[in-house]
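Visitor: input13.pdb is the file, holding PDB, C-alpha atoms:
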```pdb
ATOM      1  CA  MET A   1     -11.215   6.785  11.345  1.00  0.00           C
ATOM      2  CA  LYS A   2      -9.213   4.506  13.577  1.00  0.00           C
ATOM      3  CA  THR A   3      -5.837   5.347  15.106  1.00  0.00           C
ATOM      4  CA  ARG A   4      -3.692   2.406  16.169  1.00  0.00           C
ATOM      5  CA  VAL A   5      -0.776   2.485  18.599  1.00  0.00           C
ATOM      6  CA  THR A   6       1.959  -0.175  18.456  1.00  0.00           C
ATOM      7  CA  LYS A   7       3.981  -1.559  21.345  1.00  0.00           C
ATOM      8  CA  SER A   8       6.791   0.938  20.610  1.00  0.00           C
ATOM      9  CA  GLY A   9       4.304   3.795  20.857  1.00  0.00           C
ATOM     10  CA  TYR A  10       4.136   4.506  17.139  1.00  0.00           C
ATOM     11  CA  LYS A  11       0.825   5.849  15.901  1.00  0.00           C
ATOM     12  CA  ILE A  12      -0.800   4.684  12.693  1.00  0.00           C
ATOM     13  CA  LEU A  13      -3.303   7.315  11.591  1.00  0.00           C
ATOM     14  CA  GLN A  14      -5.835   6.538   8.903  1.00  0.00           C
ATOM     15  CA  ILE A  15      -5.782   9.673   6.769  1.00  0.00           C
ATOM     16  CA  LEU A  16      -8.161   8.542   4.019  1.00  0.00           C
ATOM     17  CA  SER A  17     -10.663   5.733   3.727  1.00  0.00           C
ATOM     18  CA  GLY A  18     -13.184   4.671   1.113  1.00  0.00           C
ATOM     19  CA  ARG A  19     -11.896   4.251  -2.440  1.00  0.00           C
ATOM     20  CA  SER A  20      -8.344   3.699  -1.201  1.00  0.00           C
ATOM     21  CA  ASN A  21      -6.979   3.935   2.334  1.00  0.00           C
ATOM     22  CA  VAL A  22      -4.041   6.192   3.149  1.00  0.00           C
ATOM     23  CA  PHE A  23      -2.092   5.870   6.400  1.00  0.00           C
ATOM     24  CA  LEU A  24       0.466   7.945   8.268  1.00  0.00           C
ATOM     25  CA  LEU A  25       2.985   6.276  10.565  1.00  0.00           C
ATOM     26  CA  THR A  26       4.552   8.577  13.135  1.00  0.00           C
ATOM     27  CA  ASN A  27       6.984   8.215  16.028  1.00  0.00           C
ATOM     28  CA  GLY A  28       6.268  11.755  17.210  1.00  0.00           C
ATOM     29  CA  VAL A  29       9.213  13.173  15.305  1.00  0.00           C
ATOM     30  CA  GLN A  30       9.306  11.523  11.898  1.00  0.00           C
ATOM     31  CA  ASN A  31       6.212  11.157   9.734  1.00  0.00           C
ATOM     32  CA  MET A  32       5.909   8.450   7.098  1.00  0.00           C
ATOM     33  CA  LEU A  33       2.949   8.475   4.674  1.00  0.00           C
ATOM     34  CA  VAL A  34       1.883   5.156   3.145  1.00  0.00           C
ATOM     35  CA  ASP A  35       0.274   5.699  -0.282  1.00  0.00           C
ATOM     36  CA  THR A  36      -1.523   8.847  -1.432  1.00  0.00           C
ATOM     37  CA  GLY A  37      -4.865   7.893  -2.963  1.00  0.00           C
ATOM     38  CA  SER A  38      -5.905   9.044  -6.437  1.00  0.00           C
ATOM     39  CA  LYS A  39      -5.575  12.598  -7.730  1.00  0.00           C
ATOM     40  CA  ASN A  40      -9.371  12.972  -7.466  1.00  0.00           C
ATOM     41  CA  ASN A  41      -8.956  12.794  -3.671  1.00  0.00           C
ATOM     42  CA  ARG A  42      -6.204  15.424  -3.482  1.00  0.00           C
ATOM     43  CA  ASN A  43      -8.300  18.114  -1.789  1.00  0.00           C
ATOM     44  CA  LYS A  44      -9.627  15.618   0.731  1.00  0.00           C
ATOM     45  CA  LEU A  45      -6.104  14.350   1.422  1.00  0.00           C
ATOM     46  CA  ASP A  46      -4.857  17.887   1.921  1.00  0.00           C
ATOM     47  CA  LYS A  47      -7.695  18.704   4.320  1.00  0.00           C
ATOM     48  CA  ARG A  48      -7.191  15.526   6.329  1.00  0.00           C
ATOM     49  CA  LEU A  49      -3.466  16.189   6.743  1.00  0.00           C
ATOM     50  CA  ILE A  50      -4.305  19.697   7.957  1.00  0.00           C
ATOM     51  CA  ASP A  51      -6.948  18.308  10.325  1.00  0.00           C
ATOM     52  CA  PHE A  52      -4.293  15.999  11.823  1.00  0.00           C
ATOM     53  CA  ASN A  53      -1.854  18.940  12.127  1.00  0.00           C
ATOM     54  CA  ILE A  54       0.680  17.242   9.861  1.00  0.00           C
ATOM     55  CA  SER A  55       3.170  19.967   9.003  1.00  0.00           C
ATOM     56  CA  HIS A  56       5.858  17.711   7.533  1.00  0.00           C
ATOM     57  CA  ILE A  57       6.055  14.341   5.816  1.00  0.00           C
ATOM     58  CA  ASP A  58       9.567  12.951   5.870  1.00  0.00           C
ATOM     59  CA  TYR A  59       8.985   9.794   3.832  1.00  0.00           C
ATOM     60  CA  LEU A  60       6.410   8.534   1.365  1.00  0.00           C
ATOM     61  CA  ILE A  61       6.129   4.763   0.930  1.00  0.00           C
ATOM     62  CA  LEU A  62       4.267   3.536  -2.137  1.00  0.00           C
ATOM     63  CA  THR A  63       2.938   0.006  -1.712  1.00  0.00           C
ATOM     64  CA  HIS A  64       2.731  -0.056  -5.524  1.00  0.00           C
ATOM     65  CA  THR A  65       2.312   2.389  -8.384  1.00  0.00           C
ATOM     66  CA  HIS A  66      -1.327   2.090  -9.434  1.00  0.00           C
ATOM     67  CA  PHE A  67      -3.156   5.417  -9.860  1.00  0.00           C
ATOM     68  CA  ASP A  68      -5.181   5.019  -6.657  1.00  0.00           C
ATOM     69  CA  HIS A  69      -2.008   4.664  -4.589  1.00  0.00           C
ATOM     70  CA  ALA A  70       0.512   6.938  -6.315  1.00  0.00           C
ATOM     71  CA  GLY A  71      -1.858   9.521  -7.815  1.00  0.00           C
ATOM     72  CA  ASN A  72      -0.727  12.290  -5.454  1.00  0.00           C
ATOM     73  CA  ALA A  73       2.900  11.221  -5.031  1.00  0.00           C
ATOM     74  CA  ASN A  74       4.372  14.147  -6.955  1.00  0.00           C
ATOM     75  CA  TRP A  75       2.111  16.634  -5.183  1.00  0.00           C
ATOM     76  CA  ILE A  76       3.166  15.270  -1.773  1.00  0.00           C
ATOM     77  CA  ASN A  77       6.802  15.360  -2.864  1.00  0.00           C
ATOM     78  CA  GLU A  78       6.601  18.972  -4.019  1.00  0.00           C
ATOM     79  CA  LYS A  79       4.600  20.227  -1.029  1.00  0.00           C
ATOM     80  CA  TYR A  80       6.529  18.468   1.736  1.00  0.00           C
ATOM     81  CA  ARG A  81       9.908  17.783   0.070  1.00  0.00           C
ATOM     82  CA  THR A  82       9.563  14.202   1.180  1.00  0.00           C
ATOM     83  CA  GLN A  83      11.756  11.232   0.301  1.00  0.00           C
ATOM     84  CA  VAL A  84       9.859   8.817  -1.937  1.00  0.00           C
ATOM     85  CA  ILE A  85      10.320   5.070  -1.451  1.00  0.00           C
ATOM     86  CA  VAL A  86       9.222   2.518  -4.068  1.00  0.00           C
ATOM     87  CA  HIS A  87      10.176  -0.992  -5.127  1.00  0.00           C
ATOM     88  CA  LYS A  88      12.870  -1.052  -7.795  1.00  0.00           C
ATOM     89  CA  SER A  89      10.724  -3.006 -10.257  1.00  0.00           C
ATOM     90  CA  GLU A  90       8.108  -0.225 -10.346  1.00  0.00           C
ATOM     91  CA  ALA A  91      10.385   2.826 -10.307  1.00  0.00           C
ATOM     92  CA  SER A  92      10.009   3.333 -14.063  1.00  0.00           C
ATOM     93  CA  TYR A  93       6.207   3.365 -13.744  1.00  0.00           C
ATOM     94  CA  LEU A  94       6.412   6.053 -11.048  1.00  0.00           C
ATOM     95  CA  THR A  95       8.736   8.290 -13.055  1.00  0.00           C
ATOM     96  CA  ALA A  96       6.411   7.930 -16.055  1.00  0.00           C
ATOM     97  CA  GLY A  97       3.173   8.351 -14.090  1.00  0.00           C
ATOM     98  CA  ASP A  98       2.001   5.057 -15.519  1.00  0.00           C
ATOM     99  CA  ASN A  99       0.058   2.018 -14.306  1.00  0.00           C
ATOM    100  CA  ILE A 100       0.801  -1.689 -14.469  1.00  0.00           C
ATOM    101  CA  PHE A 101      -2.164  -3.321 -16.195  1.00  0.00           C
ATOM    102  CA  PRO A 102      -3.750  -5.772 -13.732  1.00  0.00           C
ATOM    103  CA  LYS A 103      -5.181  -9.221 -14.311  1.00  0.00           C
ATOM    104  CA  GLY A 104      -8.605 -10.194 -13.006  1.00  0.00           C
ATOM    105  CA  THR A 105      -8.882 -12.966 -10.424  1.00  0.00           C
ATOM    106  CA  ASN A 106     -12.554 -13.794 -11.032  1.00  0.00           C
ATOM    107  CA  ILE A 107     -14.861 -14.000 -14.016  1.00  0.00           C
ATOM    108  CA  VAL A 108     -16.140 -10.424 -13.639  1.00  0.00           C
ATOM    109  CA  THR A 109     -12.774  -8.717 -13.185  1.00  0.00           C
ATOM    110  CA  ARG A 110     -11.210 -10.799 -15.974  1.00  0.00           C
ATOM    111  CA  LEU A 111     -13.958  -9.571 -18.296  1.00  0.00           C
ATOM    112  CA  ILE A 112     -13.405  -5.966 -17.215  1.00  0.00           C
ATOM    113  CA  VAL A 113      -9.670  -6.242 -17.807  1.00  0.00           C
ATOM    114  CA  ASN A 114     -10.078  -7.905 -21.193  1.00  0.00           C
ATOM    115  CA  LEU A 115     -12.568  -5.314 -22.417  1.00  0.00           C
ATOM    116  CA  PHE A 116     -11.607  -2.060 -20.769  1.00  0.00           C
ATOM    117  CA  ALA A 117      -8.264  -2.136 -18.882  1.00  0.00           C
ATOM    118  CA  GLU A 118      -6.056  -0.515 -21.500  1.00  0.00           C
ATOM    119  CA  ARG A 119      -8.510   2.307 -22.105  1.00  0.00           C
ATOM    120  CA  ILE A 120      -9.194   2.887 -18.405  1.00  0.00           C
ATOM    121  CA  PHE A 121      -5.604   2.757 -17.205  1.00  0.00           C
ATOM    122  CA  THR A 122      -4.355   5.009 -19.999  1.00  0.00           C
ATOM    123  CA  HIS A 123      -6.947   7.577 -18.925  1.00  0.00           C
ATOM    124  CA  LEU A 124      -5.865   7.225 -15.281  1.00  0.00           C
ATOM    125  CA  ARG A 125      -2.223   8.177 -15.738  1.00  0.00           C
ATOM    126  CA  TYR A 126      -0.925  10.475 -12.991  1.00  0.00           C
ATOM    127  CA  GLU A 127       1.792  13.089 -12.523  1.00  0.00           C
ATOM    128  CA  PRO A 128       5.261  11.518 -12.860  1.00  0.00           C
ATOM    129  CA  CYS A 129       7.247  11.527  -9.639  1.00  0.00           C
ATOM    130  CA  ARG A 130      10.914  11.055  -8.851  1.00  0.00           C
ATOM    131  CA  TYR A 131      12.059   8.510  -6.273  1.00  0.00           C
ATOM    132  CA  ASP A 132      14.764   8.663  -3.617  1.00  0.00           C
ATOM    133  CA  VAL A 133      14.987   5.153  -2.162  1.00  0.00           C
ATOM    134  CA  LEU A 134      14.509   1.825  -3.936  1.00  0.00           C
ATOM    135  CA  VAL A 135      13.364  -1.341  -2.184  1.00  0.00           C
ATOM    136  CA  ASP A 136      14.592  -4.804  -3.143  1.00  0.00           C
ATOM    137  CA  SER A 137      13.571  -7.811  -1.032  1.00  0.00           C
ATOM    138  CA  LYS A 138      13.622  -5.909   2.288  1.00  0.00           C
ATOM    139  CA  LEU A 139      14.364  -2.422   3.565  1.00  0.00           C
ATOM    140  CA  ASP A 140      15.031  -1.875   7.273  1.00  0.00           C
ATOM    141  CA  LEU A 141      13.506   1.367   8.542  1.00  0.00           C
ATOM    142  CA  LYS A 142      15.590   1.647  11.728  1.00  0.00           C
ATOM    143  CA  ASP A 143      17.730   4.350  10.126  1.00  0.00           C
ATOM    144  CA  PHE A 144      14.479   6.163   9.345  1.00  0.00           C
ATOM    145  CA  GLY A 145      13.494   6.191  13.029  1.00  0.00           C
ATOM    146  CA  PHE A 146      11.185   3.166  13.208  1.00  0.00           C
ATOM    147  CA  ASN A 147      11.321  -0.413  14.429  1.00  0.00           C
ATOM    148  CA  ALA A 148       9.830  -1.454  11.110  1.00  0.00           C
ATOM    149  CA  TYR A 149      10.773  -2.678   7.665  1.00  0.00           C
ATOM    150  CA  LEU A 150       9.452  -2.985   4.143  1.00  0.00           C
ATOM    151  CA  LEU A 151       8.922  -6.430   2.659  1.00  0.00           C
ATOM    152  CA  HIS A 152       8.601  -7.239  -1.009  1.00  0.00           C
ATOM    153  CA  THR A 153       5.193  -8.937  -1.229  1.00  0.00           C
ATOM    154  CA  PRO A 154       4.553  -9.355  -4.965  1.00  0.00           C
ATOM    155  CA  GLY A 155       1.472 -10.819  -6.565  1.00  0.00           C
ATOM    156  CA  HIS A 156      -0.953  -7.958  -6.957  1.00  0.00           C
ATOM    157  CA  THR A 157       1.831  -6.228  -8.862  1.00  0.00           C
ATOM    158  CA  VAL A 158       5.435  -7.217  -9.407  1.00  0.00           C
ATOM    159  CA  GLY A 159       6.721  -4.554  -7.001  1.00  0.00           C
ATOM    160  CA  SER A 160       4.107  -4.571  -4.244  1.00  0.00           C
ATOM    161  CA  VAL A 161       5.548  -3.969  -0.773  1.00  0.00           C
ATOM    162  CA  SER A 162       4.158  -4.156   2.764  1.00  0.00           C
ATOM    163  CA  VAL A 163       5.153  -2.151   5.851  1.00  0.00           C
ATOM    164  CA  VAL A 164       5.767  -4.343   8.903  1.00  0.00           C
ATOM    165  CA  ILE A 165       5.707  -2.356  12.154  1.00  0.00           C
ATOM    166  CA  ASP A 166       6.987  -3.825  15.440  1.00  0.00           C
ATOM    167  CA  ASN A 167       6.265  -7.310  13.985  1.00  0.00           C
ATOM    168  CA  GLU A 168       2.763  -6.496  15.217  1.00  0.00           C
ATOM    169  CA  ILE A 169       0.906  -4.627  12.464  1.00  0.00           C
ATOM    170  CA  ALA A 170       1.434  -4.795   8.704  1.00  0.00           C
ATOM    171  CA  ILE A 171       0.132  -2.273   6.182  1.00  0.00           C
ATOM    172  CA  VAL A 172      -0.217  -4.485   3.121  1.00  0.00           C
ATOM    173  CA  GLY A 173      -1.511  -2.366   0.230  1.00  0.00           C
ATOM    174  CA  ASP A 174      -3.440  -4.544  -2.214  1.00  0.00           C
ATOM    175  CA  THR A 175      -1.697  -7.770  -1.226  1.00  0.00           C
ATOM    176  CA  MET A 176      -4.926  -8.401   0.667  1.00  0.00           C
ATOM    177  CA  PHE A 177      -8.408  -6.899   0.617  1.00  0.00           C
ATOM    178  CA  GLY A 178     -10.610  -6.268   3.650  1.00  0.00           C
ATOM    179  CA  VAL A 179     -13.973  -5.858   1.973  1.00  0.00           C
ATOM    180  CA  PHE A 180     -15.455  -9.275   2.759  1.00  0.00           C
ATOM    181  CA  LYS A 181     -14.981 -11.025   6.096  1.00  0.00           C
ATOM    182  CA  TRP A 182     -14.786 -14.454   4.442  1.00  0.00           C
ATOM    183  CA  SER A 183     -12.061 -13.557   1.949  1.00  0.00           C
ATOM    184  CA  VAL A 184      -8.894 -11.449   1.795  1.00  0.00           C
ATOM    185  CA  PHE A 185      -8.391 -12.284  -1.892  1.00  0.00           C
ATOM    186  CA  PRO A 186      -8.146  -9.166  -4.105  1.00  0.00           C
ATOM    187  CA  PRO A 187     -10.153  -8.894  -7.338  1.00  0.00           C
ATOM    188  CA  PHE A 188      -6.991  -8.130  -9.303  1.00  0.00           C
ATOM    189  CA  ALA A 189      -3.579  -9.801  -9.155  1.00  0.00           C
ATOM    190  CA  ASN A 190      -0.874 -10.187 -11.766  1.00  0.00           C
ATOM    191  CA  ASP A 191       0.372 -13.464 -10.277  1.00  0.00           C
ATOM    192  CA  VAL A 192      -1.911 -15.413  -7.931  1.00  0.00           C
ATOM    193  CA  ASN A 193       0.785 -17.891  -6.875  1.00  0.00           C
ATOM    194  CA  GLN A 194       3.100 -15.043  -5.898  1.00  0.00           C
ATOM    195  CA  LEU A 195       0.235 -13.368  -4.059  1.00  0.00           C
ATOM    196  CA  VAL A 196      -0.544 -16.418  -1.913  1.00  0.00           C
ATOM    197  CA  ASN A 197       3.169 -16.911  -1.254  1.00  0.00           C
ATOM    198  CA  SER A 198       3.291 -13.287  -0.025  1.00  0.00           C
ATOM    199  CA  TRP A 199       0.532 -14.077   2.477  1.00  0.00           C
ATOM    200  CA  GLY A 200       2.770 -16.811   3.823  1.00  0.00           C
ATOM    201  CA  ILE A 201       5.699 -14.383   4.059  1.00  0.00           C
ATOM    202  CA  LEU A 202       3.535 -11.922   5.983  1.00  0.00           C
ATOM    203  CA  LEU A 203       2.282 -14.610   8.357  1.00  0.00           C
ATOM    204  CA  LYS A 204       5.894 -15.451   9.211  1.00  0.00           C
ATOM    205  CA  THR A 205       6.421 -11.898  10.515  1.00  0.00           C
ATOM    206  CA  GLY A 206       4.268 -12.667  13.550  1.00  0.00           C
ATOM    207  CA  CYS A 207       1.918  -9.755  12.877  1.00  0.00           C
ATOM    208  CA  SER A 208      -1.567 -10.089  14.311  1.00  0.00           C
ATOM    209  CA  VAL A 209      -3.204  -7.339  12.239  1.00  0.00           C
ATOM    210  CA  PHE A 210      -2.980  -6.809   8.472  1.00  0.00           C
ATOM    211  CA  ILE A 211      -4.307  -3.486   7.202  1.00  0.00           C
ATOM    212  CA  PRO A 212      -5.191  -3.349   3.493  1.00  0.00           C
ATOM    213  CA  SER A 213      -5.701  -0.381   1.202  1.00  0.00           C
ATOM    214  CA  HIS A 214      -9.292  -1.361   0.518  1.00  0.00           C
ATOM    215  CA  GLY A 215     -11.687  -2.228   3.319  1.00  0.00           C
ATOM    216  CA  THR A 216     -10.882  -2.848   6.965  1.00  0.00           C
ATOM    217  CA  ALA A 217      -8.156  -4.697   8.856  1.00  0.00           C
ATOM    218  CA  ASN A 218      -7.809  -8.477   8.641  1.00  0.00           C
ATOM    219  CA  SER A 219      -6.987 -10.608  11.670  1.00  0.00           C
ATOM    220  CA  ARG A 220      -4.223 -13.176  11.650  1.00  0.00           C
ATOM    221  CA  SER A 221      -6.779 -15.982  11.806  1.00  0.00           C
ATOM    222  CA  GLN A 222      -8.561 -14.623   8.710  1.00  0.00           C
ATOM    223  CA  VAL A 223      -5.336 -14.509   6.737  1.00  0.00           C
ATOM    224  CA  GLN A 224      -4.224 -17.942   7.940  1.00  0.00           C
ATOM    225  CA  LYS A 225      -7.574 -19.447   6.964  1.00  0.00           C
ATOM    226  CA  ASN A 226      -7.405 -17.941   3.471  1.00  0.00           C
ATOM    227  CA  PHE A 227      -3.775 -18.997   3.095  1.00  0.00           C
ATOM    228  CA  ASN A 228      -4.539 -22.600   4.078  1.00  0.00           C
ATOM    229  CA  LYS A 229      -7.523 -22.689   1.730  1.00  0.00           C
ATOM    230  CA  ARG A 230      -5.477 -21.484  -1.238  1.00  0.00           C
ATOM    231  CA  LEU A 231      -2.680 -23.949  -0.510  1.00  0.00           C
ATOM    232  CA  SER A 232      -5.113 -26.816  -0.456  1.00  0.00           C
TER     233      SER A 232
END
```
Mind turning this structure into structure tokens?
Guide:
Amino acid sequence: MKTRVTKSGYKILQILSGRSNVFLLTNGVQNMLVDTGSKNNRNKLDKRLIDFNISHIDYLILTHTHFDHAGNANWINEKYRTQVIVHKSEASYLTAGDNIFPKGTNIVTRLIVNLFAERIFTHLRYEPCRYDVLVDSKLDLKDFGFNAYLLHTPGHTVGSVSVVIDNEIAIVGDTMFGVFKWSVFPPFANDVNQLVNSWGILLKTGCSVFIPSHGTANSRSQVQKNFNKRLS
């Protein structure tokens, strides 16, 4: 699993990969976990944190509150006494352990949503978790020890956020996918127009690398190409 180092010397450790990526941002003193994976990956998450010698997690950022991102939020909170950060529009989902039903963006995922979403997402509820910090349009992380900030990047869900680090690397949750080299478009999005607009917002940050929760990192040129295509 790849470790990235930004120009300020921050390390971005990939803790989990596969079904849903989990990252840890550290400045050597403060540790900030981005997403938690699903509850089915709890043992693997625990082992990986031990393997990386992570003894404390100061902050947990949730890019959104779907089960495969927030499924271990309460467990992380209880084990590490971390501060939990989530967008204000999804705080009620987190405290209820509930999911926002997605919309499909292609014929296959639309069919899946229409036929099975309610049943599947009800079954995939997770442990409710309290929150400590709410995000609105932007949250500066300088007071948290990082030259970084959270941006509201809605589209996949109403409260999706991205972590912009050193205006160099962005951890973008499901605002983009990295499964196919020719497309960063996710299979699910509640508002496609908002989603594409969020790509434009992220491009304005100057970041050259965009790391999604599914798949591998996207280059700036990939994102720009997809953005231009959707606009046209």
Visitor: Please evaluate the PyMOL selection byres ((chain A and resi 201-212) around 7) against the displayed coordinates and give the resulting residues as a list in words.
Guide: Asn167, Glu168, Ile169, Ala170, Ile171, Val172, Gly173, Asp174, Met176, Phe177, Gly178, Asn197, Ser198, Trp199, Gly200, Ser213, His214, Gly215, Thr216, Ala217, Asn218, Ser219 and Arg220 of chain A
Visitor: Up to 10 Å from (4.6, 6.0, 14.0) in the file's coordinates: name the residues, counting all atoms listed in the file, as a list in words.
Guide: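 Residues close enough to count: Arg4, Val5, Thr6, Ser8, Gly9, Tyr10, Lys11, Ile12, Leu13, Leu24, Leu25, Thr26, Asn27, Gly28, Val29, Gln30, Asn31, Met32, Leu33, Gly145, Phe146, Asn147, Ala148 and Ile165 of chain A.
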Visitor: Rounded to one decimal, what separation in Å do you get between atom CA of Leu134 of chain A and atom CA of Glu90 of chain A?
Guide: 9.3 Å
Visitor: Which residues come within 7 Å of His69 of chain A, counting all atoms listed in the file, excluding same-chain residues fewer than 4 positions away, as a CSV table (one decimal) with C-alpha atoms, in the coordinates of the input?
Guide:
```csv
chain,number,residue,atom,x,y,z
A,35,ASP,CA,0.3,5.7,-0.3
A,36,THR,CA,-1.5,8.8,-1.4
A,37,GLY,CA,-4.9,7.9,-3.0
A,38,SER,CA,-5.9,9.0,-6.4
A,62,LEU,CA,4.3,3.5,-2.1
A,64,HIS,CA,2.7,-0.1,-5.5
A,65,THR,CA,2.3,2.4,-8.4
```
Visitor: Could you list, as a PyMOL selection string, every residue matched by the PyMOL selection byres ((chain A and resi 97-104) around 8) in this structure?
Guide: chain A and resi 65-67+93-96+105-113+117-118+121-122+124-129+156-157+187-190
Visitor: From the set A:Gln83, A:Gln194, A:Gln222, A:Asn40, which residue has the shortest atom-to-atom contact distance to Asp68 of chain A, counting only C-alpha atoms?
Guide: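 The closest residue to Asp68 of chain A is A:Asn40.
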Visitor: Around the point (7.7, -4.7, -3.3), in the coordinates given by the file, pick out the residues reaching within 10 Å, counting all atoms listed in the file, and return them as JSON, numbers by chain.
Guide: {"A": [62, 63, 64, 86, 87, 88, 89, 90, 134, 135, 136, 137, 138, 139, 150, 151, 152, 153, 154, 155, 156, 157, 158, 159, 160, 161, 162, 163]}
Visitor: Quick one: of A:Asp58, A:Lys181, A:Asn114, A:Arg81, who's nearest to Asn226 of chain A, counting all atoms listed in the file?
Guide: A:Lys181
Visitor: Adding 6 Å on each side of the box along x, y and z that holds all listed atoms of segment 118-129 of chain A, could you give its centre and edge lengths in Å to one decimal, as AutoDock Vina command-line options?
Guide:
```
--center_x -1.0 --center_y 6.3 --center_z -15.9 --size_x 28.4 --size_y 25.6 --size_z 24.5
```
Visitor: In Å, how far is it from atom CA of Ile85 of chain A to atom CA of Leu60 of chain A?
Guide: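 Separation between atom CA of Ile85 of chain A and atom CA of Leu60 of chain A: 5.9 Å.
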Visitor: In Å, rounded to a single decimal, give me how far atom CA of Phe144 of chain A is from atom CA of Asp166 of chain A.
Guide: 13.9 Å
Visitor: For a quick check of understanding, using only C-alpha atoms, which of A:Ser183, A:Ser92, A:Thr82, A:Asn21 has the smallest distance to Tyr59 of chain A?
Guide: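 Under the stated criterion, the closest residue is A:Thr82.
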